[in-house]
Amino acid sequence: MLTLYDYLPSQNAYKVRLLLSHLGRDYRSELIAIFDGEGQRPDYLELNPTGAVPVLRFAHGGVLAESNAILFHLARKTRYLPEDAFLQAKVLQWLFFEADYVQSTIATLRHWIMTGKATRRRAELVESKRMGSLKVLAILDREFARRQFLVDDAYSIADMSVFAYVHRAEEAKLPLADYPQLCAWIGRVRQQEGFLDKTYAYDIDPHSGRELP
Ligand SMILES: N[C@@H](CCC(=O)N[C@@H](CS)C(=O)NCC(=O)O)C(=O)O
C-alpha cells in the first residue's frame with residue numbers, strides 16, 4: 001500500500017492526489033502539520049530532508065519527495081507519461097517550469113494571501129510575486145492558444161503539475177478570467193476521467209497563519 005505524507009491545503013500534495021485518482025490507486029494518508037513543525041521532526045526529515053510535503057512511501061519501502069519527481073515515477077508506463085524519450089523531456093521541461101516559475105509566484109502568493117501573511121510582507125515583495133504570477137498566466141495563455149495540452153496534445157503529468165496551483169489562481173487574488181485560453185484548458189483538465197475536484201483552503205488549519213519553522 002502507498003502512503004502519502006500530506007498537508008491538505010498544499011496543492012503540491014494535490015498534484016499527487018490527482019494522479020492517484022486518475023490511476024485509481026489506493027493509498028493511505030498521513031497528515032503532517034507543517035505549521036506545527038511536524039515536518040522538522042527528525043523522523044520526517046529522514047523521509048524528506050527539506051521537511052516539506054508531499055512524500056510518497058512505496059510498498060517496497062522506497063520513499064520519494066518532490067511532487068514532480070513523484071508524478072514522474074508514478075506515471076511511468078501509464079497514459080499520463082509518453083514513452084518517447086524526447087516527449088518525456090518535454091514533460092520534464094514543464095515540470096521544471098512549474099517548480100521554478102509557478103511555485104515561486106502563484107503558489108507563494110496563494111499561501112501568503114490565504115493565511116494573512118501578505119500583510120506581514122513588504123508591499124514590493126508581494127507586488128513582485130503578483131507580477132511574476134501574471135507573467136506565468138500570460139505564458140500559459142499563449143501556449144494554450146496553440147495546443148490543447150502542454151505536451152503532444154495529450155493530457156499528461158505536465159498538465160497535472162501546472163494545473164494544481166494555476167487553477168486556484170483566484171485564491172491568490174489573480175484575475176484568472178482575463179486568460180481565456182488558459183480557462184479553456186482548465187475546463188479540459190476537469191473533464192479528464194478520474195479528475196479530483198476536492199481542494200482545501202488554509203483555514204481548515206487554525207495554525208496556518210504561523211510562519212513555517
Ligand atoms: N518543490 C517542492 C515544494 C514542496 C513544498 O513547498 N511543500 C510545502 C507545502 S505546499 C511544505 O510542505 N512546506 C513546509 C516546509 O517547507 O517546511 C515540491 O514540489 O514538492
# chains A, B, ... in the order shown; residues from 1 in each chain; ligands from 1
$ residues_around --residues "stretch 81-94 of chain A" --least-positions-apart "3" --cutoff "6 Å" --atoms "only C-alpha atoms" --output "tab-separated table (two decimals) with N, CA and C atoms, in the first residue's frame"
chain	number	residue	atom	x	y	z
A	75	ALA	N	3.79	7.85	-12.90
A	75	ALA	CA	3.16	7.85	-14.23
A	75	ALA	C	3.87	6.95	-15.24
A	97	PHE	N	9.42	23.98	-15.25
A	97	PHE	CA	8.75	25.29	-15.33
A	97	PHE	C	7.85	25.47	-14.10
A	156	SER	N	-1.24	14.96	-19.70
A	156	SER	CA	-0.12	14.25	-19.06
A	156	SER	C	0.16	14.84	-17.69
A	158	ALA	N	2.46	16.70	-16.99
A	158	ALA	CA	2.85	18.12	-17.16
A	158	ALA	C	1.63	19.00	-16.88
$ residues_near_ligand --ligand "ligand 1" --cutoff "7 Å" --atoms "only C-alpha atoms and all ligand atoms" --output "PDB file with all heavy atoms, in the first residue's frame"
ATOM      1  N   TYR A   7      -0.418  17.415   3.426  1.00  0.00           N
ATOM      2  CA  TYR A   7      -0.988  18.551   4.163  1.00  0.00           C
ATOM      3  C   TYR A   7      -2.086  19.064   3.245  1.00  0.00           C
ATOM      4  O   TYR A   7      -1.807  19.468   2.106  1.00  0.00           O
ATOM      5  CB  TYR A   7       0.086  19.620   4.426  1.00  0.00           C
ATOM      6  CG  TYR A   7      -0.468  20.865   5.061  1.00  0.00           C
ATOM      7  CD1 TYR A   7      -0.838  20.891   6.407  1.00  0.00           C
ATOM      8  CD2 TYR A   7      -0.650  22.032   4.309  1.00  0.00           C
ATOM      9  CE1 TYR A   7      -1.372  22.035   6.987  1.00  0.00           C
ATOM     10  CE2 TYR A   7      -1.170  23.182   4.886  1.00  0.00           C
ATOM     11  CZ  TYR A   7      -1.535  23.167   6.219  1.00  0.00           C
ATOM     12  OH  TYR A   7      -2.071  24.301   6.799  1.00  0.00           O
ATOM     13  N   SER A  10      -2.131  21.987   0.694  1.00  0.00           N
ATOM     14  CA  SER A  10      -0.987  22.011  -0.220  1.00  0.00           C
ATOM     15  C   SER A  10      -1.393  21.529  -1.608  1.00  0.00           C
ATOM     16  O   SER A  10      -1.816  20.380  -1.779  1.00  0.00           O
ATOM     17  CB  SER A  10       0.136  21.113   0.316  1.00  0.00           C
ATOM     18  OG  SER A  10       1.067  20.855  -0.728  1.00  0.00           O
ATOM     19  N   GLN A  11      -1.214  22.389  -2.588  1.00  0.00           N
ATOM     20  CA  GLN A  11      -1.507  21.984  -3.967  1.00  0.00           C
ATOM     21  C   GLN A  11      -0.343  21.173  -4.547  1.00  0.00           C
ATOM     22  O   GLN A  11      -0.526  20.481  -5.546  1.00  0.00           O
ATOM     23  CB  GLN A  11      -1.826  23.207  -4.828  1.00  0.00           C
ATOM     24  CG  GLN A  11      -3.172  23.838  -4.472  1.00  0.00           C
ATOM     25  CD  GLN A  11      -4.348  22.883  -4.663  1.00  0.00           C
ATOM     26  OE1 GLN A  11      -4.913  22.375  -3.679  1.00  0.00           O
ATOM     27  NE2 GLN A  11      -4.716  22.610  -5.892  1.00  0.00           N
ATOM     28  N   ASN A  12       0.827  21.231  -3.929  1.00  0.00           N
ATOM     29  CA  ASN A  12       1.888  20.304  -4.330  1.00  0.00           C
ATOM     30  C   ASN A  12       1.466  18.877  -4.001  1.00  0.00           C
ATOM     31  O   ASN A  12       1.710  17.941  -4.777  1.00  0.00           O
ATOM     32  CB  ASN A  12       3.197  20.653  -3.613  1.00  0.00           C
ATOM     33  CG  ASN A  12       3.904  21.820  -4.262  1.00  0.00           C
ATOM     34  OD1 ASN A  12       4.001  21.874  -5.478  1.00  0.00           O
ATOM     35  ND2 ASN A  12       4.373  22.760  -3.467  1.00  0.00           N
ATOM     36  N   ALA A  13       0.828  18.721  -2.848  1.00  0.00           N
ATOM     37  CA  ALA A  13       0.328  17.395  -2.477  1.00  0.00           C
ATOM     38  C   ALA A  13      -0.893  17.020  -3.324  1.00  0.00           C
ATOM     39  O   ALA A  13      -1.066  15.854  -3.702  1.00  0.00           O
ATOM     40  CB  ALA A  13      -0.010  17.365  -0.994  1.00  0.00           C
ATOM     41  N   ILE A  34       2.465  20.978   9.022  1.00  0.00           N
ATOM     42  CA  ILE A  34       3.718  21.679   8.699  1.00  0.00           C
ATOM     43  C   ILE A  34       3.896  22.957   9.514  1.00  0.00           C
ATOM     44  O   ILE A  34       5.010  23.335   9.840  1.00  0.00           O
ATOM     45  CB  ILE A  34       3.858  21.966   7.180  1.00  0.00           C
ATOM     46  CG1 ILE A  34       2.640  22.711   6.628  1.00  0.00           C
ATOM     47  CG2 ILE A  34       4.104  20.693   6.408  1.00  0.00           C
ATOM     48  CD1 ILE A  34       2.779  23.114   5.151  1.00  0.00           C
ATOM     49  N   GLY A  39       7.012  18.767  10.128  1.00  0.00           N
ATOM     50  CA  GLY A  39       7.938  18.479   9.041  1.00  0.00           C
ATOM     51  C   GLY A  39       9.396  18.514   9.482  1.00  0.00           C
ATOM     52  O   GLY A  39      10.271  18.000   8.784  1.00  0.00           O
ATOM     53  N   THR A  50      14.007  18.261   3.207  1.00  0.00           N
ATOM     54  CA  THR A  50      13.511  19.647   3.235  1.00  0.00           C
ATOM     55  C   THR A  50      12.411  19.827   4.283  1.00  0.00           C
ATOM     56  O   THR A  50      12.045  20.958   4.595  1.00  0.00           O
ATOM     57  CB  THR A  50      12.920  20.071   1.871  1.00  0.00           C
ATOM     58  OG1 THR A  50      11.702  19.361   1.654  1.00  0.00           O
ATOM     59  CG2 THR A  50      13.892  19.816   0.739  1.00  0.00           C
ATOM     60  N   GLY A  51      11.822  18.746   4.766  1.00  0.00           N
ATOM     61  CA  GLY A  51      10.736  18.850   5.740  1.00  0.00           C
ATOM     62  C   GLY A  51       9.385  19.171   5.122  1.00  0.00           C
ATOM     63  O   GLY A  51       8.415  19.436   5.829  1.00  0.00           O
ATOM     64  N   ALA A  52       9.316  19.171   3.793  1.00  0.00           N
ATOM     65  CA  ALA A  52       8.080  19.566   3.107  1.00  0.00           C
ATOM     66  C   ALA A  52       7.254  18.342   2.712  1.00  0.00           C
ATOM     67  O   ALA A  52       7.760  17.216   2.628  1.00  0.00           O
ATOM     68  CB  ALA A  52       8.430  20.393   1.875  1.00  0.00           C
ATOM     69  N   VAL A  53       5.975  18.590   2.441  1.00  0.00           N
ATOM     70  CA  VAL A  53       5.121  17.598   1.793  1.00  0.00           C
ATOM     71  C   VAL A  53       5.038  17.990   0.316  1.00  0.00           C
ATOM     72  O   VAL A  53       5.251  19.166  -0.010  1.00  0.00           O
ATOM     73  CB  VAL A  53       3.687  17.577   2.405  1.00  0.00           C
ATOM     74  CG1 VAL A  53       3.720  17.173   3.855  1.00  0.00           C
ATOM     75  CG2 VAL A  53       2.965  18.897   2.217  1.00  0.00           C
ATOM     76  N   PRO A  54       4.713  17.075  -0.574  1.00  0.00           N
ATOM     77  CA  PRO A  54       4.374  15.679  -0.337  1.00  0.00           C
ATOM     78  C   PRO A  54       5.608  14.777  -0.317  1.00  0.00           C
ATOM     79  O   PRO A  54       6.662  15.105  -0.859  1.00  0.00           O
ATOM     80  CB  PRO A  54       3.511  15.341  -1.557  1.00  0.00           C
ATOM     81  CG  PRO A  54       4.107  16.160  -2.669  1.00  0.00           C
ATOM     82  CD  PRO A  54       4.558  17.443  -2.013  1.00  0.00           C
ATOM     83  N   ALA A  65      10.415  12.160  -2.445  1.00  0.00           N
ATOM     84  CA  ALA A  65       9.913  13.514  -2.179  1.00  0.00           C
ATOM     85  C   ALA A  65       9.947  14.311  -3.486  1.00  0.00           C
ATOM     86  O   ALA A  65      10.395  13.804  -4.511  1.00  0.00           O
ATOM     87  CB  ALA A  65      10.775  14.193  -1.115  1.00  0.00           C
ATOM     88  N   GLU A  66       9.499  15.550  -3.423  1.00  0.00           N
ATOM     89  CA  GLU A  66       9.349  16.472  -4.557  1.00  0.00           C
ATOM     90  C   GLU A  66       8.171  16.003  -5.424  1.00  0.00           C
ATOM     91  O   GLU A  66       8.236  14.958  -6.092  1.00  0.00           O
ATOM     92  CB  GLU A  66      10.619  16.610  -5.407  1.00  0.00           C
ATOM     93  CG  GLU A  66      11.709  17.425  -4.735  1.00  0.00           C
ATOM     94  CD  GLU A  66      11.348  18.904  -4.533  1.00  0.00           C
ATOM     95  OE1 GLU A  66      10.637  19.474  -5.384  1.00  0.00           O
ATOM     96  OE2 GLU A  66      11.778  19.472  -3.509  1.00  0.00           O
ATOM     97  N   SER A  67       7.140  16.837  -5.424  1.00  0.00           N
ATOM     98  CA  SER A  67       5.899  16.459  -6.100  1.00  0.00           C
ATOM     99  C   SER A  67       6.117  16.011  -7.547  1.00  0.00           C
ATOM    100  O   SER A  67       5.547  15.011  -7.991  1.00  0.00           O
ATOM    101  CB  SER A  67       4.910  17.625  -6.058  1.00  0.00           C
ATOM    102  OG  SER A  67       5.488  18.780  -6.642  1.00  0.00           O
ATOM    103  N   ASN A  68       6.963  16.744  -8.274  1.00  0.00           N
ATOM    104  CA  ASN A  68       7.111  16.409  -9.696  1.00  0.00           C
ATOM    105  C   ASN A  68       7.893  15.110  -9.916  1.00  0.00           C
ATOM    106  O   ASN A  68       7.631  14.376 -10.870  1.00  0.00           O
ATOM    107  CB  ASN A  68       7.751  17.585 -10.438  1.00  0.00           C
ATOM    108  CG  ASN A  68       6.798  18.768 -10.517  1.00  0.00           C
ATOM    109  OD1 ASN A  68       5.577  18.590 -10.532  1.00  0.00           O
ATOM    110  ND2 ASN A  68       7.336  19.970 -10.556  1.00  0.00           N
ATOM    111  N   ALA A  99       8.023  23.944 -11.147  1.00  0.00           N
ATOM    112  CA  ALA A  99       8.779  24.042  -9.897  1.00  0.00           C
ATOM    113  C   ALA A  99       9.466  25.400  -9.778  1.00  0.00           C
ATOM    114  O   ALA A  99       9.589  25.955  -8.684  1.00  0.00           O
ATOM    115  CB  ALA A  99       9.806  22.918  -9.823  1.00  0.00           C
ATOM    116  N   LEU A 212       6.386  29.230   8.701  1.00  0.00           N
ATOM    117  CA  LEU A 212       6.920  27.860   8.695  1.00  0.00           C
ATOM    118  C   LEU A 212       8.211  27.806   9.520  1.00  0.00           C
ATOM    119  O   LEU A 212       9.014  28.745   9.447  1.00  0.00           O
ATOM    120  CB  LEU A 212       7.207  27.415   7.261  1.00  0.00           C
ATOM    121  CG  LEU A 212       5.977  27.059   6.441  1.00  0.00           C
ATOM    122  CD1 LEU A 212       6.320  26.959   4.966  1.00  0.00           C
ATOM    123  CD2 LEU A 212       5.358  25.752   6.940  1.00  0.00           C
ATOM    124  N   PRO A 213       8.391  26.759  10.293  1.00  0.00           N
ATOM    125  CA  PRO A 213       9.616  26.688  11.122  1.00  0.00           C
ATOM    126  C   PRO A 213      10.860  26.482  10.247  1.00  0.00           C
ATOM    127  O   PRO A 213      10.779  25.980   9.164  1.00  0.00           O
ATOM    128  CB  PRO A 213       9.367  25.485  12.018  1.00  0.00           C
ATOM    129  CG  PRO A 213       8.323  24.674  11.346  1.00  0.00           C
ATOM    130  CD  PRO A 213       7.519  25.608  10.486  1.00  0.00           C
TER     131      PRO A 213
END
$ residues_around --residues "A:Tyr80" --least-positions-apart "4" --cutoff "10 Å" --atoms "only C-alpha atoms" --output "VMD selection string"
chain A and resid 19 22 to 23 71 to 72 74 to 76 91 154 to 160
$ write_last_selection --atoms "N, CA, C and O atoms" --output "compact mmCIF listing (two decimals), in the first residue's frame"
# COMPACT_ATOMS: atom_id res chain seq x y z
N LEU A 19 -3.11 12.58 -9.52
CA LEU A 19 -2.64 11.46 -10.35
C LEU A 19 -3.12 10.13 -9.77
O LEU A 19 -3.55 9.24 -10.52
N HIS A 22 -6.60 9.67 -10.89
CA HIS A 22 -6.69 9.25 -12.31
C HIS A 22 -6.33 7.77 -12.45
O HIS A 22 -6.91 7.06 -13.27
N LEU A 23 -5.35 7.35 -11.69
CA LEU A 23 -4.86 5.95 -11.82
C LEU A 23 -5.73 4.97 -11.05
O LEU A 23 -5.56 3.75 -11.19
N LEU A 71 5.28 12.44 -9.36
CA LEU A 71 4.42 12.29 -10.55
C LEU A 71 5.15 11.50 -11.63
O LEU A 71 4.58 10.59 -12.24
N PHE A 72 6.41 11.85 -11.86
CA PHE A 72 7.18 11.22 -12.93
C PHE A 72 7.30 9.72 -12.70
O PHE A 72 7.12 8.91 -13.61
N LEU A 74 5.36 7.74 -10.65
CA LEU A 74 4.06 7.06 -10.63
C LEU A 74 3.46 6.90 -12.03
O LEU A 74 2.71 5.96 -12.29
N ALA A 75 3.79 7.85 -12.90
CA ALA A 75 3.16 7.85 -14.23
C ALA A 75 3.87 6.95 -15.24
O ALA A 75 3.37 6.75 -16.35
N ARG A 76 5.01 6.38 -14.85
CA ARG A 76 5.74 5.53 -15.80
C ARG A 76 4.85 4.41 -16.29
O ARG A 76 4.12 3.79 -15.53
N VAL A 91 7.96 16.78 -21.20
CA VAL A 91 7.22 16.75 -19.93
C VAL A 91 8.08 17.34 -18.82
O VAL A 91 7.64 18.17 -18.03
N ALA A 154 -1.68 15.78 -25.64
CA ALA A 154 -2.29 14.71 -24.84
C ALA A 154 -2.15 15.07 -23.37
O ALA A 154 -1.08 15.56 -22.94
N TYR A 155 -3.19 14.84 -22.61
CA TYR A 155 -3.17 15.14 -21.17
C TYR A 155 -2.09 14.30 -20.49
O TYR A 155 -2.03 13.08 -20.67
N SER A 156 -1.24 14.96 -19.70
CA SER A 156 -0.12 14.25 -19.06
C SER A 156 0.16 14.84 -17.69
O SER A 156 -0.49 15.82 -17.27
N ILE A 157 1.15 14.29 -17.02
CA ILE A 157 1.54 14.83 -15.70
C ILE A 157 2.04 16.27 -15.81
O ILE A 157 2.02 16.99 -14.82
N ALA A 158 2.46 16.70 -16.99
CA ALA A 158 2.85 18.12 -17.16
C ALA A 158 1.63 19.00 -16.88
O ALA A 158 1.72 20.00 -16.15
N ASP A 159 0.47 18.62 -17.42
CA ASP A 159 -0.75 19.39 -17.18
C ASP A 159 -1.15 19.32 -15.71
O ASP A 159 -1.54 20.32 -15.12
N MET A 160 -1.08 18.11 -15.13
CA MET A 160 -1.48 17.97 -13.72
C MET A 160 -0.67 18.89 -12.83
O MET A 160 -1.19 19.55 -11.94
$ select_by_dssp --residues "stretch 39-146 of chain A" --states "strand (DSSP E)" --output "list in words"
Val55, Leu56, Arg57, Val63, Leu64 and Ala65 of chain A
$ closest_residue --among "A:Arg110, A:Arg168, A:Lys173, A:Arg17" --to "A:Leu196" --atoms "only C-alpha atoms"
A:Arg17
$ atom_distance --atom1 "atom CA of A:Arg188" --atom2 "atom CA of A:Ser21"
16.5 Å
$ residues_around --residues "A:His60" --least-positions-apart "5" --cutoff "12 Å" --atoms "only C-alpha atoms" --output "list in words"
Met1, Leu2 and Thr3 of chain A
$ write_last_selection --atoms "N, CA, C and O atoms" --output "PDB file, in the first residue's frame"
ATOM      1  N   MET A   1       0.849  -1.209   0.000  1.00  0.00           N
ATOM      2  CA  MET A   1       0.000   0.000   0.000  1.00  0.00           C
ATOM      3  C   MET A   1       0.881   1.254   0.000  1.00  0.00           C
ATOM      4  O   MET A   1       1.866   1.338   0.725  1.00  0.00           O
ATOM      5  N   LEU A   2       0.487   2.233  -0.805  1.00  0.00           N
ATOM      6  CA  LEU A   2       1.213   3.511  -0.836  1.00  0.00           C
ATOM      7  C   LEU A   2       0.821   4.357   0.375  1.00  0.00           C
ATOM      8  O   LEU A   2      -0.337   4.332   0.802  1.00  0.00           O
ATOM      9  N   THR A   3       1.772   5.132   0.898  1.00  0.00           N
ATOM     10  CA  THR A   3       1.458   6.102   1.958  1.00  0.00           C
ATOM     11  C   THR A   3       1.839   7.488   1.465  1.00  0.00           C
ATOM     12  O   THR A   3       2.996   7.720   1.077  1.00  0.00           O
TER      13      THR A   3
END
$ closest_residue --among "A:Tyr5, A:Phe58, A:Trp185, A:Tyr14" --to "A:Ala33" --atoms "only C-alpha atoms"
A:Tyr5
$ residues_around --residues "A:Pro175" --least-positions-apart "5" --cutoff "12 Å" --atoms "only C-alpha atoms" --output "list of chain:residue names"
A:Ile106, A:Arg130, A:Met131, A:Ser133, A:Leu134, A:Leu137, A:Ala138, A:Val166, A:His167, A:Arg168, A:Ala169, A:Glu170, A:Pro180, A:Leu182, A:Cys183
$ residues_around --residues "A:Leu8" --least-positions-apart "6" --cutoff "8 Å" --atoms "only C-alpha atoms" --output "list in words"
Tyr14, Leu31, Thr199 and Tyr200 of chain A
$ atom_distance --atom1 "atom CA of A:Thr105" --atom2 "atom CA of A:Gln181"
20.1 Å
$ closest_residue --among "A:Leu18, A:Leu56, A:Val136, A:Ile32" --to "A:Asp197" --atoms "only C-alpha atoms"
A:Leu18
$ residues_around --residues "stretch 120-124 of chain A" --least-positions-apart "5" --cutoff "12 Å" --atoms "only C-alpha atoms" --output "ChimeraX atom specification"
/A:108-109,112-113,115,129-131,209-211
